[in-house]
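Structure data follow from run02.cif (mmCIF, C-alpha atoms and all ligand atoms):
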```
data_start
loop_
_atom_site.label_atom_id
_atom_site.label_comp_id
_atom_site.auth_asym_id
_atom_site.auth_seq_id
_atom_site.Cartn_x
_atom_site.Cartn_y
_atom_site.Cartn_z
CA MET A 1 -29.22 35.29 0.77
CA PRO A 2 -26.43 33.75 -1.26
CA THR A 3 -27.44 30.47 -2.81
CA ILE A 4 -26.20 27.72 -5.05
CA GLY A 5 -28.89 27.23 -7.69
CA ASN A 6 -29.03 26.75 -11.44
CA GLN A 7 -27.44 30.12 -12.10
CA GLN A 8 -24.43 29.38 -9.89
CA ILE A 9 -24.03 25.88 -11.35
CA LYS A 10 -24.07 27.40 -14.85
CA LEU A 11 -21.36 29.84 -13.75
CA LEU A 12 -19.33 26.96 -12.31
CA GLU A 13 -19.68 25.13 -15.63
CA ARG A 14 -18.41 28.14 -17.55
CA LEU A 15 -15.47 28.56 -15.16
CA CYS A 16 -14.53 24.86 -15.18
CA ASN A 17 -14.57 24.76 -18.98
CA ALA A 18 -12.32 27.83 -19.12
CA ILE A 19 -8.55 27.31 -19.03
CA ALA A 20 -6.46 29.23 -16.49
CA ILE A 21 -3.13 27.53 -15.85
CA SER A 22 -0.93 29.27 -13.28
CA GLY A 23 0.54 32.46 -14.71
CA ASP A 24 -2.04 32.61 -17.50
CA GLU A 25 -5.33 33.15 -15.67
CA GLY A 26 -6.84 35.67 -18.09
CA GLU A 27 -9.81 33.58 -19.17
CA VAL A 28 -11.10 33.10 -15.62
CA ARG A 29 -10.16 36.64 -14.62
CA ALA A 30 -12.38 38.05 -17.39
CA ILE A 31 -15.38 36.05 -16.13
CA VAL A 32 -14.73 37.12 -12.51
CA LEU A 33 -14.49 40.82 -13.44
CA GLU A 34 -17.70 40.58 -15.44
CA GLU A 35 -19.54 38.83 -12.60
CA ILE A 36 -18.57 41.19 -9.77
CA LYS A 37 -19.00 44.39 -11.77
CA GLY A 38 -21.42 46.72 -9.97
CA HIS A 39 -21.34 44.61 -6.79
CA VAL A 40 -18.16 46.05 -5.21
CA ASP A 41 -16.94 49.45 -4.03
CA GLU A 42 -13.44 49.02 -5.43
CA VAL A 43 -11.84 46.62 -7.86
CA ARG A 44 -8.39 46.40 -9.41
CA VAL A 45 -6.09 43.92 -11.06
CA ASP A 46 -2.65 43.97 -9.43
CA ALA A 47 0.80 43.49 -10.98
CA LEU A 48 0.65 39.67 -10.81
CA GLY A 49 -2.92 39.45 -12.10
CA ASN A 50 -4.84 38.99 -8.85
CA VAL A 51 -8.34 40.50 -8.86
CA LEU A 52 -8.64 42.53 -5.65
CA ALA A 53 -12.12 43.80 -4.82
CA VAL A 54 -13.54 45.45 -1.73
CA LYS A 55 -17.12 45.55 -0.51
CA LYS A 56 -17.29 47.91 2.45
CA GLY A 57 -19.38 47.20 5.53
CA THR A 58 -21.71 49.67 7.16
CA GLY A 59 -20.86 49.09 10.83
CA LYS A 60 -18.85 51.50 13.00
CA LYS A 61 -15.99 49.14 13.77
CA THR A 62 -15.79 46.67 10.97
CA LEU A 63 -13.25 43.89 10.69
CA ARG A 64 -11.41 43.63 7.40
CA VAL A 65 -11.88 40.04 6.29
CA MET A 66 -9.89 38.81 3.32
CA LEU A 67 -11.47 35.92 1.45
CA SER A 68 -9.33 34.28 -1.20
CA ALA A 69 -10.17 31.85 -3.99
CA HIS A 70 -7.52 30.94 -6.52
CA MET A 71 -8.27 31.34 -10.20
CA ASP A 72 -5.45 29.14 -11.46
CA GLU A 73 -5.38 25.41 -12.06
CA VAL A 74 -2.65 22.84 -12.67
CA GLY A 75 -1.75 21.99 -16.26
CA PHE A 76 1.07 21.95 -18.80
CA MET A 77 3.30 24.42 -20.57
CA LEU A 78 4.68 23.73 -24.04
CA VAL A 79 8.44 24.25 -24.01
CA ALA A 80 9.75 23.08 -27.39
CA ASP A 81 8.41 22.54 -30.90
CA ASP A 82 9.60 19.20 -32.30
CA GLY A 83 7.83 19.80 -35.62
CA GLU A 84 4.81 18.06 -37.18
CA GLY A 85 2.64 19.45 -34.38
CA LEU A 86 4.56 17.60 -31.67
CA PHE A 87 5.52 19.56 -28.57
CA ARG A 88 7.59 18.81 -25.50
CA PHE A 89 6.02 20.12 -22.33
CA GLU A 90 6.55 20.68 -18.62
CA LEU A 91 4.07 20.34 -15.78
CA VAL A 92 2.70 23.45 -14.10
CA GLY A 93 1.73 22.51 -10.54
CA GLY A 94 1.42 19.07 -9.00
CA ILE A 95 0.32 16.41 -11.50
CA ASP A 96 1.15 12.71 -11.28
CA ILE A 97 2.89 11.75 -14.54
CA ARG A 98 0.96 8.45 -14.58
CA GLN A 99 -2.18 10.51 -15.27
CA LEU A 100 -0.89 11.82 -18.59
CA PRO A 101 -0.49 9.20 -21.36
CA GLY A 102 -3.53 8.77 -23.55
CA LYS A 103 -5.30 11.94 -22.47
CA ALA A 104 -7.01 14.51 -24.66
CA VAL A 105 -5.89 18.07 -23.94
CA LEU A 106 -6.66 21.62 -24.99
CA ILE A 107 -3.88 24.12 -25.67
CA GLY A 108 -3.67 27.90 -25.59
CA ARG A 109 -6.16 30.74 -25.77
CA ASP A 110 -7.93 29.10 -28.71
CA HIS A 111 -8.32 25.75 -26.92
CA VAL A 112 -6.60 23.90 -29.76
CA PRO A 113 -7.17 20.15 -29.31
CA GLY A 114 -4.24 17.83 -28.75
CA VAL A 115 -3.38 14.40 -27.42
CA ILE A 116 -0.71 13.27 -24.99
CA GLY A 117 0.22 10.25 -27.03
CA ALA A 118 0.57 6.81 -25.51
CA ARG A 119 2.24 3.86 -27.22
CA PRO A 120 -0.35 1.22 -28.09
CA ILE A 121 -0.35 -2.16 -26.43
CA HIS A 122 0.53 -3.82 -29.77
CA LEU A 123 3.89 -2.09 -29.83
CA THR A 124 5.02 -2.51 -26.25
CA SER A 125 6.48 -5.50 -24.46
CA ARG A 126 5.13 -6.90 -21.20
CA GLU A 127 8.26 -5.60 -19.40
CA GLU A 128 7.89 -2.15 -20.88
CA ARG A 129 4.34 -1.91 -19.60
CA GLN A 130 5.54 -2.39 -16.02
CA GLU A 131 7.91 0.53 -16.27
CA LYS A 132 7.47 4.17 -15.38
CA ILE A 133 7.04 6.54 -18.30
CA PRO A 134 9.42 9.51 -17.95
CA LEU A 135 7.91 12.93 -18.65
CA ASP A 136 10.54 13.78 -21.25
CA THR A 137 9.46 10.87 -23.46
CA LEU A 138 5.90 12.22 -23.68
CA ARG A 139 4.72 14.68 -26.33
CA ILE A 140 1.58 16.72 -26.86
CA ASP A 141 0.43 15.98 -30.41
CA THR A 142 -1.69 18.71 -31.99
CA GLY A 143 -1.26 17.42 -35.52
CA PRO A 144 0.64 19.30 -38.24
CA GLY A 145 -0.40 22.72 -39.51
CA ASN A 146 -1.47 24.22 -36.20
CA SER A 147 0.09 27.66 -36.38
CA LYS A 148 -1.92 28.79 -33.33
CA VAL A 149 0.13 26.67 -30.93
CA LYS A 150 3.62 27.63 -29.77
CA PRO A 151 6.08 27.13 -26.89
CA GLY A 152 4.98 29.08 -23.82
CA ASP A 153 1.30 28.20 -24.37
CA ARG A 154 -0.46 26.50 -21.48
CA GLY A 155 -2.84 23.58 -21.70
CA THR A 156 -4.92 21.22 -19.64
CA PHE A 157 -7.12 18.15 -19.85
CA ALA A 158 -10.00 18.42 -22.32
CA THR A 159 -12.72 17.62 -19.81
CA ARG A 160 -16.21 19.14 -20.08
CA PHE A 161 -18.15 19.94 -16.93
CA GLN A 162 -21.10 17.70 -16.14
CA GLN A 163 -23.63 17.42 -13.37
CA SER A 164 -24.97 13.97 -12.57
CA GLY A 165 -27.69 14.11 -9.93
CA PRO A 166 -26.01 15.21 -6.69
CA SER A 167 -22.50 15.07 -8.18
CA LEU A 168 -20.40 17.61 -10.03
CA MET A 169 -17.73 16.20 -12.36
CA ALA A 170 -15.15 18.44 -13.97
CA LYS A 171 -11.53 19.44 -14.17
CA SER A 172 -10.45 22.37 -11.97
CA LEU A 173 -13.23 22.10 -9.39
CA ASP A 174 -10.10 23.07 -7.42
CA ASP A 175 -10.68 25.96 -7.14
CA ARG A 176 -13.54 27.11 -9.38
CA LEU A 177 -15.87 26.01 -6.56
CA GLY A 178 -14.17 28.59 -4.34
CA VAL A 179 -14.34 31.24 -7.07
CA VAL A 180 -18.12 30.92 -7.42
CA THR A 181 -18.54 30.83 -3.63
CA LEU A 182 -16.60 34.07 -3.32
CA ILE A 183 -18.61 35.73 -6.10
CA GLU A 184 -21.83 34.77 -4.27
CA LEU A 185 -20.52 36.14 -0.97
CA ILE A 186 -19.62 39.44 -2.66
CA LYS A 187 -23.09 39.73 -4.16
CA HIS A 188 -24.67 39.19 -0.72
CA ALA A 189 -21.94 40.58 1.51
CA PRO A 190 -22.71 40.67 5.26
CA ALA A 191 -22.99 44.34 6.27
CA GLY A 192 -20.91 43.98 9.42
CA ILE A 193 -17.54 43.42 7.75
CA ASP A 194 -15.30 44.96 5.12
CA LEU A 195 -15.07 42.13 2.63
CA GLN A 196 -11.71 42.06 0.86
CA ALA A 197 -12.03 39.57 -1.98
CA ALA A 198 -8.87 38.22 -3.58
CA PHE A 199 -9.22 36.06 -6.69
CA THR A 200 -5.63 34.91 -6.65
CA VAL A 201 -3.14 33.74 -9.27
CA GLN A 202 -0.35 31.14 -9.11
CA GLU A 203 -1.64 29.29 -6.05
CA GLU A 204 -0.74 25.94 -7.55
CA ILE A 205 2.94 26.80 -7.90
CA GLY A 206 3.48 28.12 -4.38
CA LEU A 207 0.69 30.45 -3.17
CA ARG A 208 2.38 33.34 -4.97
CA GLY A 209 -0.62 35.54 -5.74
CA ALA A 210 -1.95 35.30 -2.18
CA LYS A 211 1.37 36.53 -0.86
CA VAL A 212 1.15 39.91 -2.55
CA ALA A 213 -2.64 40.17 -2.25
CA THR A 214 -2.47 39.80 1.54
CA TYR A 215 0.34 42.33 1.73
CA ALA A 216 -1.82 44.81 -0.19
CA PHE A 217 -5.00 44.23 1.83
CA ASN A 218 -3.35 43.85 5.28
CA PRO A 219 -6.58 42.27 6.61
CA ASP A 220 -7.60 41.49 10.20
CA ILE A 221 -8.53 37.92 9.23
CA GLY A 222 -7.77 35.70 6.23
CA ILE A 223 -9.94 32.84 4.98
CA ALA A 224 -9.01 30.64 2.02
CA LEU A 225 -11.98 29.22 0.11
CA ASP A 226 -10.72 26.18 -1.69
CA ALA A 227 -11.35 22.59 -2.68
CA THR A 228 -9.56 19.88 -0.72
CA PRO A 229 -8.72 16.29 -1.72
CA ALA A 230 -11.05 13.58 -0.47
CA ASN A 231 -9.47 10.17 0.02
CA ASP A 232 -12.60 8.28 0.96
CA LEU A 233 -12.74 5.19 -1.25
CA PRO A 234 -12.64 1.77 0.42
CA SER A 235 -9.21 0.20 0.72
CA TRP A 236 -8.37 -2.28 -2.02
CA ASP A 237 -8.06 -5.04 0.59
CA GLY A 238 -11.68 -4.53 1.66
CA LEU A 239 -10.79 -3.06 5.05
CA GLU A 240 -12.16 0.25 6.19
CA ASN A 241 -10.14 3.18 4.92
CA ASN A 242 -9.09 5.02 8.06
CA THR A 243 -6.57 7.29 6.45
CA TYR A 244 -9.02 9.58 4.68
CA ASN A 245 -8.50 13.29 5.04
CA THR A 246 -12.02 14.26 4.02
CA LYS A 247 -15.11 12.38 2.84
CA LEU A 248 -17.69 13.45 0.28
CA GLY A 249 -21.07 14.24 1.78
CA LEU A 250 -19.88 15.17 5.26
CA GLY A 251 -19.95 18.91 4.57
CA PRO A 252 -17.39 21.69 4.34
CA ALA A 253 -13.88 20.88 5.53
CA ILE A 254 -12.57 23.18 8.25
CA TYR A 255 -8.78 23.11 8.38
CA ILE A 256 -7.11 22.70 11.76
CA ALA A 257 -3.70 22.34 10.14
CA ASP A 258 -2.05 21.44 6.86
CA SER A 259 1.55 21.49 5.70
CA GLY A 260 1.42 25.28 5.29
CA ILE A 261 -0.39 26.54 8.40
CA LEU A 262 -1.63 25.84 11.89
CA SER A 263 -5.04 27.50 11.62
CA ASP A 264 -5.86 30.20 14.14
CA PRO A 265 -7.77 28.32 16.91
CA ARG A 266 -10.17 31.25 17.45
CA LEU A 267 -11.26 31.07 13.83
CA VAL A 268 -11.68 27.29 13.97
CA ARG A 269 -13.83 27.66 17.10
CA TRP A 270 -15.91 30.41 15.52
CA LEU A 271 -16.60 28.24 12.45
CA VAL A 272 -17.43 25.17 14.54
CA GLU A 273 -19.78 27.10 16.85
CA THR A 274 -21.50 28.62 13.84
CA ALA A 275 -21.96 25.23 12.18
CA ASP A 276 -23.21 23.60 15.39
CA SER A 277 -25.72 26.34 16.15
CA ARG A 278 -27.05 26.41 12.58
CA LYS A 279 -26.99 22.62 12.22
CA ILE A 280 -24.74 22.89 9.18
CA PRO A 281 -22.73 19.68 8.70
CA TYR A 282 -18.94 20.03 8.68
CA GLN A 283 -15.81 17.94 8.99
CA PHE A 284 -12.25 18.62 10.01
CA ARG A 285 -9.79 18.30 7.20
CA GLN A 286 -7.24 15.81 8.51
CA PRO A 287 -3.68 17.11 8.62
CA GLY A 288 -1.34 15.93 5.93
CA GLY A 289 0.16 17.05 2.66
CA GLY A 290 -1.06 19.98 0.64
CA ARG A 291 -1.54 23.63 1.40
CA ASN A 292 -3.57 26.55 0.14
CA ASP A 293 -3.69 30.36 0.21
CA ALA A 294 -4.10 30.38 4.02
CA GLY A 295 -0.48 29.22 4.21
CA ALA A 296 0.62 32.48 2.58
CA MET A 297 -1.96 34.75 4.19
CA HIS A 298 -1.02 34.02 7.80
CA LEU A 299 2.63 34.93 7.18
CA ALA A 300 1.96 38.29 5.52
CA GLN A 301 2.67 41.65 7.12
CA ALA A 302 3.01 41.14 10.89
CA GLY A 303 0.95 37.91 10.76
CA ILE A 304 -2.73 37.47 9.92
CA PRO A 305 -5.03 35.04 11.80
CA SER A 306 -6.08 32.65 9.04
CA VAL A 307 -8.03 29.48 8.32
CA SER A 308 -9.47 27.61 5.34
CA VAL A 309 -12.94 26.30 4.55
CA SER A 310 -12.86 23.95 1.60
CA VAL A 311 -15.15 21.70 -0.42
CA PRO A 312 -14.00 18.06 -0.51
CA HIS A 313 -13.52 16.53 -3.95
CA ARG A 314 -12.12 13.23 -5.19
CA TYR A 315 -9.31 12.82 -7.75
CA SER A 316 -7.84 16.28 -7.29
CA HIS A 317 -5.29 17.39 -9.92
CA THR A 318 -6.32 14.71 -12.41
CA ALA A 319 -8.31 14.99 -15.64
CA ILE A 320 -11.61 14.89 -13.78
CA SER A 321 -12.65 15.25 -10.17
CA VAL A 322 -15.93 14.68 -8.36
CA ALA A 323 -17.66 16.78 -5.70
CA ARG A 324 -21.12 16.78 -4.14
CA LEU A 325 -23.46 19.69 -4.68
CA GLU A 326 -24.61 19.47 -1.06
CA ASP A 327 -21.07 19.95 0.32
CA TRP A 328 -20.67 23.05 -1.80
CA LYS A 329 -24.03 24.47 -0.65
CA ASN A 330 -23.12 23.84 2.97
CA SER A 331 -19.74 25.51 2.54
CA LEU A 332 -21.42 28.68 1.34
CA ALA A 333 -24.04 28.48 4.10
CA LEU A 334 -21.34 28.08 6.77
CA LEU A 335 -19.30 31.02 5.51
CA GLN A 336 -22.32 33.29 5.19
CA ALA A 337 -23.57 32.43 8.70
CA ALA A 338 -20.11 32.83 10.25
CA LEU A 339 -19.36 36.16 8.56
CA THR A 340 -22.76 37.52 9.58
CA ARG A 341 -22.05 36.93 13.29
CA LEU A 342 -18.41 38.02 13.21
CA THR A 343 -17.41 40.81 15.61
CA PRO A 344 -14.00 42.31 16.61
CA GLU A 345 -14.38 40.55 20.01
CA LEU A 346 -13.40 37.28 18.37
CA LEU A 347 -9.82 38.44 17.96
CA ALA A 348 -9.72 39.71 21.55
CA SER A 349 -10.62 36.25 22.88
CA GLU A 350 -8.10 33.72 24.19
CA ARG A 351 -6.33 31.76 21.49
CA ALA A 352 -6.46 28.41 23.24
ZN ZN B 401 -6.84 24.66 -4.59
#
```

Represent the structure contained in this file as structure tokens.
Amino acid sequence: MPTIGNQQIKLLERLCNAIAISGDEGEVRAIVLEEIKGHVDEVRVDALGNVLAVKKGTGKKTLRVMLSAHMDEVGFMLVADDGEGLFRFELVGGIDIRQLPGKAVLIGRDHVPGVIGARPIHLTSREERQEKIPLDTLRIDTGPGNSKVKPGDRGTFATRFQQSGPSLMAKSLDDRLGVVTLIELIKHAPAGIDLQAAFTVQEEIGLRGAKVATYAFNPDIGIALDATPANDLPSWDGLENNTYNTKLGLGPAIYIADSGILSDPRLVRWLVETADSRKIPYQFRQPGGGRNDAGAMHLAQAGIPSVSVSVPHRYSHTAISVARLEDWKNSLALLQAALTRLTPELLASERA
């Protein structure tokens, strides 16, 4: 049985401490290839850098189920060298500019340390401190004499993974949680399906890797394994927050809809029935902004029934986010149980 234990948490730590900004996913890709080696029937890296692996089922009529987890994370790209180790940069993926000033970062393959400088309080006026800081006034400061850093290099927040009791705190839990989940599912693949695993690239800049991966696999079903934002803190005014989209601790988030897809109702039903019968907690991810690989998968080829199961986490796309170990475990348990009972009849059933 697939499990989340010390070994999987160690792997998550390694993956979260790696840097894989969209378009430059090599560091995570190397770990993925090493982990799945010997556990799949086929594996290749496609033209965009997706890792596409297949674990064949043993049944007579097996459904081809594509499971995707994106390897990339949001971050920065250096675009100009201003000298003295100061670099202008652009954002890669959705990051709130207010998150940037005063943060430690790591740049390039060698993880060269840098700082996104912030002007100290001593040197700013009260009025200035109320104002927005435009991105083009910010610089990444690596200090002079760093010949290893150059325009084109990617970087991200210099956050180290940590576990604190039931909580996981790291950068890029979105989507390294999904990556480890998919590796576990490959290692313990249900025999009744052909598992088509896609470790995708460039999800954060428009689901680009998933687009070509789905075209290549042409699966019967697509499932995106991802992390989804939790907005579950109390309102500042002390009232109950009733606009959350997921809450920590309530289990895996099953998507009914997001801004990229209306999930296939048969797949939603199948997941819910599985969770109910196995007493696995779950929640519906409330519709709203954001999208993931399922948004690309369902529009590939002649259309692929798709859905997403995601682990809720707070503070997505910031320097550090927080998830609960139990939600992650339950996500894996739900997927494993659902895939084990999956038959071709599901797709023959009524949609509504
Ligand atoms: Zn994601």

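If you measure from each of A:Gly5, A:Pro219, A:Gly178, A:Pro190 to ligand ZN 401 (chain B) using all atoms listed in the file, the closest one turns out to be A:Gly178.
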
Please report, as CSV, each residue of chain A lying at most 7 Å from ligand ZN 401 (chain B), together with the nearest pair of atoms and the separation in Å rounded to one decimal; use all atoms listed in the file, and order rows by chain and ascending residue number.
```
residue,atom,partner,partner_atom,distance
A:His70,CA,B:ZN401,ZN,6.6
A:Asp174,CA,B:ZN401,ZN,4.6
A:Asp175,CA,B:ZN401,ZN,4.8
A:Glu204,CA,B:ZN401,ZN,6.9
A:Asp226,CA,B:ZN401,ZN,5.1
A:Ala227,CA,B:ZN401,ZN,5.3
A:Thr228,CA,B:ZN401,ZN,6.7
A:Asn292,CA,B:ZN401,ZN,6.1
```

List every residue of region 221-295 of chain A that has an atom at most 12 Å from any atom of region 304-313 of chain A, and for each one report the closest atom pair and its distance in Å to one decimal, counting only C-alpha atoms, with rows sorted by chain and then by increasing residue number, as a tab-separated table.
```
residue	atom	partner	partner_atom	distance
A:Ile221	CA	A:Pro305	CA	5.2
A:Gly222	CA	A:Ser306	CA	4.5
A:Ile223	CA	A:Val307	CA	5.1
A:Ala224	CA	A:Ser308	CA	4.5
A:Leu225	CA	A:Val309	CA	5.4
A:Asp226	CA	A:Ser310	CA	4.5
A:Ala227	CA	A:Val311	CA	4.5
A:Thr228	CA	A:Pro312	CA	4.8
A:Pro229	CA	A:His313	CA	5.3
A:Ala230	CA	A:His313	CA	5.2
A:Asn231	CA	A:His313	CA	8.5
A:Asp232	CA	A:His313	CA	9.6
A:Leu233	CA	A:His313	CA	11.7
A:Tyr244	CA	A:Pro312	CA	11.1
A:Asn245	CA	A:Pro312	CA	9.2
A:Thr246	CA	A:Pro312	CA	6.2
A:Lys247	CA	A:Pro312	CA	6.7
A:Leu248	CA	A:Pro312	CA	6.0
A:Gly249	CA	A:Pro312	CA	8.4
A:Leu250	CA	A:Pro312	CA	8.7
A:Gly251	CA	A:Val311	CA	7.5
A:Pro252	CA	A:Val311	CA	5.3
A:Ala253	CA	A:Ser310	CA	5.1
A:Ile254	CA	A:Val309	CA	4.9
A:Tyr255	CA	A:Ser308	CA	5.5
A:Ile256	CA	A:Val307	CA	7.7
A:Ala257	CA	A:Val307	CA	8.5
A:Asp258	CA	A:Ser308	CA	9.8
A:Gly260	CA	A:Val307	CA	10.8
A:Ile261	CA	A:Val307	CA	8.2
A:Leu262	CA	A:Val307	CA	8.2
A:Ser263	CA	A:Val307	CA	4.9
A:Asp264	CA	A:Pro305	CA	5.4
A:Pro265	CA	A:Val307	CA	8.7
A:Arg266	CA	A:Pro305	CA	8.5
A:Leu267	CA	A:Val307	CA	6.6
A:Val268	CA	A:Val307	CA	7.1
A:Arg269	CA	A:Val307	CA	10.7
A:Trp270	CA	A:Val307	CA	10.7
A:Leu271	CA	A:Val309	CA	8.9
A:Val272	CA	A:Val309	CA	11.0
A:Ala275	CA	A:Val309	CA	11.9
A:Tyr282	CA	A:Val309	CA	9.6
A:Gln283	CA	A:Pro312	CA	9.7
A:Phe284	CA	A:Val309	CA	9.4
A:Arg285	CA	A:Ser310	CA	8.5
A:Gln286	CA	A:Pro312	CA	11.5
A:Arg291	CA	A:Ser308	CA	9.7
A:Asn292	CA	A:Ser308	CA	7.9
A:Asp293	CA	A:Ser308	CA	8.2
A:Ala294	CA	A:Ser306	CA	5.9
A:Gly295	CA	A:Ser306	CA	8.2
```

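For the atom pair formed by CA of Gln301 (chain A) and CA of Leu332 (chain A), the distance is 28.0 Å, given to one decimal.
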
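In this comparison, which uses all atoms listed in the file, the residue of A:Ala337, A:Ile186, A:Val32, A:Leu123 approaching Leu12 (chain A) most closely is A:Val32.
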
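Using all atoms listed in the file, the smallest distance between any of A:Arg14, A:Gln336, A:Asn330, A:Ala53 and Gln162 (chain A) comes from A:Arg14.
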
Non-local contacts of Asp41 (chain A) (7 Å; only C-alpha atoms; under 5 positions in same chain excluded) as a list in words: Val54, Lys55 and Lys56 of chain A

Nearest candidate to Ala104 (chain A) (options A:Ala302, A:Ala319, A:Leu195, A:Val149; using all atoms listed in the file):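 Going through A:Ala302, A:Ala319, A:Leu195, A:Val149 one by one, the smallest distance to Ala104 (chain A) is for A:Ala319.
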
Nearest candidate to Glu13 (chain A) (options A:Val79, A:Leu168, A:Val45, A:Ile107; using all atoms listed in the file):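 Residue with the minimum atom-to-atom distance to Glu13 (chain A): A:Leu168.
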
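Between CA of Arg160 (chain A) and CA of Pro120 (chain A) lies a distance of 25.2 Å.
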
Point-to-point distance from CA of Glu131 (chain A) to CA of Val115 (chain A), Å rounded to tenths: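 Pair CA of Glu131 (chain A) / CA of Val115 (chain A) returns 21.1 Å.
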
Which of A:Gly209, A:Gly114, A:Pro101, A:Pro144 sits closest to Asn50 (chain A) [using all atoms listed in the file]: A:Gly209

Who sits within 9 Å of Leu173 (chain A), all atoms listed in the file, same chain under 3 positions skipped, as JSON, numbers by chain: {"A": [12, 15, 16, 73, 168, 169, 170, 176, 177, 178, 227, 313, 316, 320, 321, 322, 323]}

Selection from above, C-alpha atoms, as a CSV table (one decimal), keeping the file's coordinate frame, can you write it?
```csv
chain,number,residue,atom,x,y,z
A,12,LEU,CA,-19.3,27.0,-12.3
A,15,LEU,CA,-15.5,28.6,-15.2
A,16,CYS,CA,-14.5,24.9,-15.2
A,73,GLU,CA,-5.4,25.4,-12.1
A,168,LEU,CA,-20.4,17.6,-10.0
A,169,MET,CA,-17.7,16.2,-12.4
A,170,ALA,CA,-15.2,18.4,-14.0
A,176,ARG,CA,-13.5,27.1,-9.4
A,177,LEU,CA,-15.9,26.0,-6.6
A,178,GLY,CA,-14.2,28.6,-4.3
A,227,ALA,CA,-11.4,22.6,-2.7
A,313,HIS,CA,-13.5,16.5,-4.0
A,316,SER,CA,-7.8,16.3,-7.3
A,320,ILE,CA,-11.6,14.9,-13.8
A,321,SER,CA,-12.6,15.2,-10.2
A,322,VAL,CA,-15.9,14.7,-8.4
A,323,ALA,CA,-17.7,16.8,-5.7
```
